[in-house]
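**Q** Below is a structure I'd like to ask you about.
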Amino acid sequence: MMTRNTRTATAAALGMAIALAATACAGGGSAGNSGSSDGQVTLTVWENSTTGPGVQYFQDAAKAYHQLHPNVTVKIQSIQNEDLDGKLQTALNSGSAPDIFLQRGGGKMQAMVDAGQIQALNLTDTDKANIGTAALASASVDGQVYEVPIDTQPEGVYYSKDLFRQAGITATPTSMDELQADIVKLKAINVAPIAVGAKDAWPAAHWYYNFALRECSQDAMTTAAKSLKFTDACWTKAGDDLASFVRTNPFQQGFLTTSAQQGAGSSAGLLANHKAAMELMGSWDPGVIASLTPDQKPLPDLGWFPFPAVTGGQGDPSAIMGGTDGYSISKTAPKEALGFLQFLVTKEQQEAYTKAFVTIPVNKDAQSVVTESYSISALQSFNKAAYSIQFLDTEYGQNVGNAMNTAVVNLLAGQGSAADIVKATNDAAAKG
C-alpha cells in the first residue's frame, strides 16, 4: 500500500531533516492543553513533512501566527509518515495527544470520533468558504466537521495528449461509452490504452472504487462507512461494471504483475515513456511520472480528466474520489487550536502551502498559484464536485480496504466475481 499524499510523492525534492524532540510529551498529561495562568498558550502540532520546504512552511506558519497572536506559541513536531499513525494512536489512547495532528480521515477518523478523542469543529462561514463544500464533505461525520482540510488530491485519469492526438481522439471522454471508443482507437496505433499496476493491488482496486463512486449514491457510501455493511446492490453493480470493462482488454499486457511506481516498466513509467496512453491515479502521479521520463523532467503533454459517467448510476457524475491532507484537534486541546487551523486555510497561507508541497489548495482564492494544465483540470473538477469521497481503503479502514483490494485483483485475474468482492468486504468488516 502506498502512502497517498503529496508530501510523500515529492519527498525527493525536499531536503534538510528535523528531529522529533524526545521530550515532546514530557511532564505528564496531554502534549497540548498547555495554557498558563498569565494567558500564554502553547500548541503542539504533529505533521509528517520531515524535510525541506514542507518543514520550513510549518515553521514559518507558526512564527507568523505567533506574531498575530503573541499569547499563542505553536510548536511544530515533524514525524516520519510511516511512524505517525502508530505514535498518534498510542498518544490518543494514553491521553498524551498533541493539540493538532495530521488526520487520515475515513474509517480512522470515524474511530476517533466514536472514541471521543477529537473535537467537533464549529467553523465560521468564512472558514467554510475558504475550504469549500467538496472538501468539507470528506471532513465530516454525521454532518459535523472534525477536520480542517488544507489541500486536495483528486483522482482522475492522467493521459498523453500526444498519443490521444495520434489516435484521432479530439476530446477527453465523459462517459464509459466514449472511453471504450477511445480504447479502440488507441489499440489501432499499437499503444496500450490504460496502464495499471495491479501487482500493488491498490491501483487496480481504484477502478472498482470509481465505478462504485458512480454506481452508489453518496448516502449509500457514507452509510457503509458508518455501518461497514455493504448490502446495497450498487456494490455488486460496480463489480459487474469492472468485470465488463476488463473483458474489453483495456490494460497493458502483464498488468497483473506490473508495479505502480517503480521504474520505467511500472504503470506510471509506461505513461511517462508513451508506452501507454492513460493511468487512473491521484494527484501525486505527475511527480512520479516526471521521475520516470527519459530526461527525468515533467511529461510535457500530460493531461487529466475525471472518471467518466456511468449510465444509470446513482452517484452524482461530478463526484470526486480522492484524498486530502487535513488536521484535527484532540479532545483536550485549548480553544486556541482552532484559530491556528483557521489561519492555515487563509489565502496567503494556502498559497505558501501549495508552493511548498506542490499540491492543490482547498481555498479557491489561492488556486491561481496552480499553473500546470493537468492540475488546473483537476482542481476545476474538484471545485465543481457535488461531494468528495476518500479512497475507499481509507474511508472504510485498513482491514476492510485490504480485503476489498485483494478481491478486486482476484476478479481482474479471472479468479473472482463482483459478488466475491462484496462478500470479502463484508466478511472483513464482520471480523473487525
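Order determines the names: the first chain of the C-alpha cells is A, the second B, and so forth; residues in each chain are numbered 1 upward, and ligands are numbered 1 upward as they are shown.
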If we count only C-alpha atoms and set the cut-off at 10 Å, which residues sit around range 244-247 of chain A, ignoring sequence neighbours fewer than 6 positions away in its own chain? Please answer as a list of chain:residue names.
**A**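 Near neighbours after the sequence-gap exclusion: A:Met176, A:Gln180, A:Trp207, A:Ala238, A:Leu411, A:Leu412, A:Ala413, A:Gly414.
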**Q** Would you kindly return, as a ChimeraX atom specification, each protein, DNA or RNA residue with an atom no farther than 12 Å from any atom of range 286-293 of chain A, considering only C-alpha atoms and excluding same-chain residues fewer than 3 positions away?
**A** /A:4-13,153,155-160,260-275,278-283,296-304,357-359,372-375,378
**Q** Which residues are close to range 307-314 of chain A, i.e. within 7 Å by only C-alpha atoms, leaving aside same-chain residues fewer than 3 positions away? Reply as a PyMOL selection string.
**A** chain A and resi 156-157+173-176+210+214-217+317
**Q** Which of these residues is nearest to Ser78 in chain A, using only C-alpha atoms: A:Phe211, A:Trp202, A:Tyr57, A:Tyr387?
**A**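 For Ser78 in chain A, the nearest of the given residues is A:Tyr57.
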**Q** Let's see if you can do this: from backbone DSSP, list all alpha helix (DSSP H) residues in range 146-338 of chain A, as a PyMOL selection string.
**A** chain A and resi 161-166+176-188+202-215+218-227+233-246+267-272+285-292+336-338
**Q** Determine the nearest neighbour of Gly401 in chain A from the options A:Ala333, A:Gly107, A:Ala366, A:Tyr353, counting only C-alpha atoms.
**A**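 Once distances to Gly401 in chain A are computed over only C-alpha atoms, the minimum belongs to A:Gly107.
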**Q** Near Gly239 in chain A, within 8 Å and counting only C-alpha atoms, which residues show up once chain neighbours fewer than 5 positions away are dropped, as a VMD selection string?
**A** chain A and resid 208 211 to 212 417 to 419 421
**Q** Let's have the selection written as a PDB file, in the first residue's frame, with all heavy atoms.
**A**
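So out.pdb came out as:
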ATOM      1  N   TYR A 208     -12.326  -0.196  -9.228  1.00  0.00           N
ATOM      2  CA  TYR A 208     -13.571  -0.574  -8.550  1.00  0.00           C
ATOM      3  C   TYR A 208     -14.102   0.585  -7.715  1.00  0.00           C
ATOM      4  O   TYR A 208     -15.303   0.881  -7.718  1.00  0.00           O
ATOM      5  CB  TYR A 208     -13.337  -1.793  -7.664  1.00  0.00           C
ATOM      6  CG  TYR A 208     -14.562  -2.203  -6.864  1.00  0.00           C
ATOM      7  CD1 TYR A 208     -15.647  -2.800  -7.479  1.00  0.00           C
ATOM      8  CD2 TYR A 208     -14.618  -1.974  -5.492  1.00  0.00           C
ATOM      9  CE1 TYR A 208     -16.775  -3.169  -6.758  1.00  0.00           C
ATOM     10  CE2 TYR A 208     -15.736  -2.335  -4.758  1.00  0.00           C
ATOM     11  CZ  TYR A 208     -16.813  -2.929  -5.394  1.00  0.00           C
ATOM     12  OH  TYR A 208     -17.933  -3.277  -4.672  1.00  0.00           O
ATOM     13  N   PHE A 211     -15.855   3.021 -10.038  1.00  0.00           N
ATOM     14  CA  PHE A 211     -17.142   2.501 -10.510  1.00  0.00           C
ATOM     15  C   PHE A 211     -18.176   2.568  -9.377  1.00  0.00           C
ATOM     16  O   PHE A 211     -19.344   2.904  -9.608  1.00  0.00           O
ATOM     17  CB  PHE A 211     -16.992   1.066 -11.011  1.00  0.00           C
ATOM     18  CG  PHE A 211     -16.555   0.958 -12.438  1.00  0.00           C
ATOM     19  CD1 PHE A 211     -15.354   0.348 -12.771  1.00  0.00           C
ATOM     20  CD2 PHE A 211     -17.340   1.468 -13.466  1.00  0.00           C
ATOM     21  CE1 PHE A 211     -14.950   0.246 -14.097  1.00  0.00           C
ATOM     22  CE2 PHE A 211     -16.935   1.377 -14.800  1.00  0.00           C
ATOM     23  CZ  PHE A 211     -15.735   0.765 -15.122  1.00  0.00           C
ATOM     24  N   ALA A 212     -17.744   2.280  -8.154  1.00  0.00           N
ATOM     25  CA  ALA A 212     -18.657   2.381  -7.000  1.00  0.00           C
ATOM     26  C   ALA A 212     -19.085   3.823  -6.764  1.00  0.00           C
ATOM     27  O   ALA A 212     -20.240   4.103  -6.421  1.00  0.00           O
ATOM     28  CB  ALA A 212     -17.993   1.813  -5.751  1.00  0.00           C
ATOM     29  N   SER A 417     -15.490 -12.834  -8.621  1.00  0.00           N
ATOM     30  CA  SER A 417     -16.615 -12.145  -9.242  1.00  0.00           C
ATOM     31  C   SER A 417     -16.968 -10.903  -8.448  1.00  0.00           C
ATOM     32  O   SER A 417     -16.398 -10.638  -7.378  1.00  0.00           O
ATOM     33  CB  SER A 417     -17.833 -13.075  -9.274  1.00  0.00           C
ATOM     34  OG  SER A 417     -18.272 -13.341  -7.937  1.00  0.00           O
ATOM     35  N   ALA A 418     -17.930 -10.145  -8.960  1.00  0.00           N
ATOM     36  CA  ALA A 418     -18.424  -8.973  -8.237  1.00  0.00           C
ATOM     37  C   ALA A 418     -18.991  -9.384  -6.883  1.00  0.00           C
ATOM     38  O   ALA A 418     -18.760  -8.705  -5.872  1.00  0.00           O
ATOM     39  CB  ALA A 418     -19.482  -8.259  -9.071  1.00  0.00           C
ATOM     40  N   ALA A 419     -19.706 -10.486  -6.849  1.00  0.00           N
ATOM     41  CA  ALA A 419     -20.273 -10.966  -5.585  1.00  0.00           C
ATOM     42  C   ALA A 419     -19.173 -11.313  -4.589  1.00  0.00           C
ATOM     43  O   ALA A 419     -19.326 -11.110  -3.375  1.00  0.00           O
ATOM     44  CB  ALA A 419     -21.160 -12.182  -5.842  1.00  0.00           C
ATOM     45  N   ILE A 421     -16.288  -9.805  -4.329  1.00  0.00           N
ATOM     46  CA  ILE A 421     -15.765  -8.555  -3.755  1.00  0.00           C
ATOM     47  C   ILE A 421     -16.636  -8.138  -2.581  1.00  0.00           C
ATOM     48  O   ILE A 421     -16.136  -7.796  -1.500  1.00  0.00           O
ATOM     49  CB  ILE A 421     -15.736  -7.439  -4.817  1.00  0.00           C
ATOM     50  CG1 ILE A 421     -14.749  -7.780  -5.937  1.00  0.00           C
ATOM     51  CG2 ILE A 421     -15.342  -6.106  -4.163  1.00  0.00           C
ATOM     52  CD1 ILE A 421     -14.764  -6.775  -7.092  1.00  0.00           C
TER      53      ILE A 421
END
**Q** Which is closer to Ala97 in chain A than all the others in A:Gln415, A:Asn402, A:Thr44, A:Asn71, using only C-alpha atoms?
**A**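 Closest to Ala97 in chain A of all the choices is A:Thr44.
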**Q** Just the residues within 12 Å of Gly168 in chain A, please, counting only C-alpha atoms, with nothing from its chain fewer than 6 positions along; format it as a list of chain:residue names.
**A**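 These residues fall inside the cut-off: A:Lys161, A:Asp162, A:Ala181, A:Asp182, A:Ile183, A:Val184, A:Lys185, A:Leu186, A:Lys187, A:Ala188, A:Ile189.
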**Q** Got a sec to tell me which of range 61-112 of chain A DSSP assigns to strand (DSSP E or B), as a PyMOL selection string?
**A** chain A and resi 72-78+100-103
**Q** Keeping C-alpha atoms, export the residues of the selection given above as a PDB file, in the first residue's frame.
**A**
ATOM      1  CA  VAL A  72      -0.014  31.664  21.378  1.00  0.00           C
ATOM      2  CA  THR A  73       3.174  29.714  20.694  1.00  0.00           C
ATOM      3  CA  VAL A  74       2.940  26.917  18.113  1.00  0.00           C
ATOM      4  CA  LYS A  75       5.444  24.078  18.397  1.00  0.00           C
ATOM      5  CA  ILE A  76       5.789  22.008  15.218  1.00  0.00           C
ATOM      6  CA  GLN A  77       6.852  18.385  15.598  1.00  0.00           C
ATOM      7  CA  SER A  78       7.724  16.528  12.395  1.00  0.00           C
ATOM      8  CA  ILE A 100      -3.360  19.388  16.475  1.00  0.00           C
ATOM      9  CA  PHE A 101      -2.396  16.494  14.231  1.00  0.00           C
ATOM     10  CA  LEU A 102      -2.495  15.267  10.633  1.00  0.00           C
ATOM     11  CA  GLN A 103      -5.777  13.472  10.070  1.00  0.00           C
TER      12      GLN A 103
END
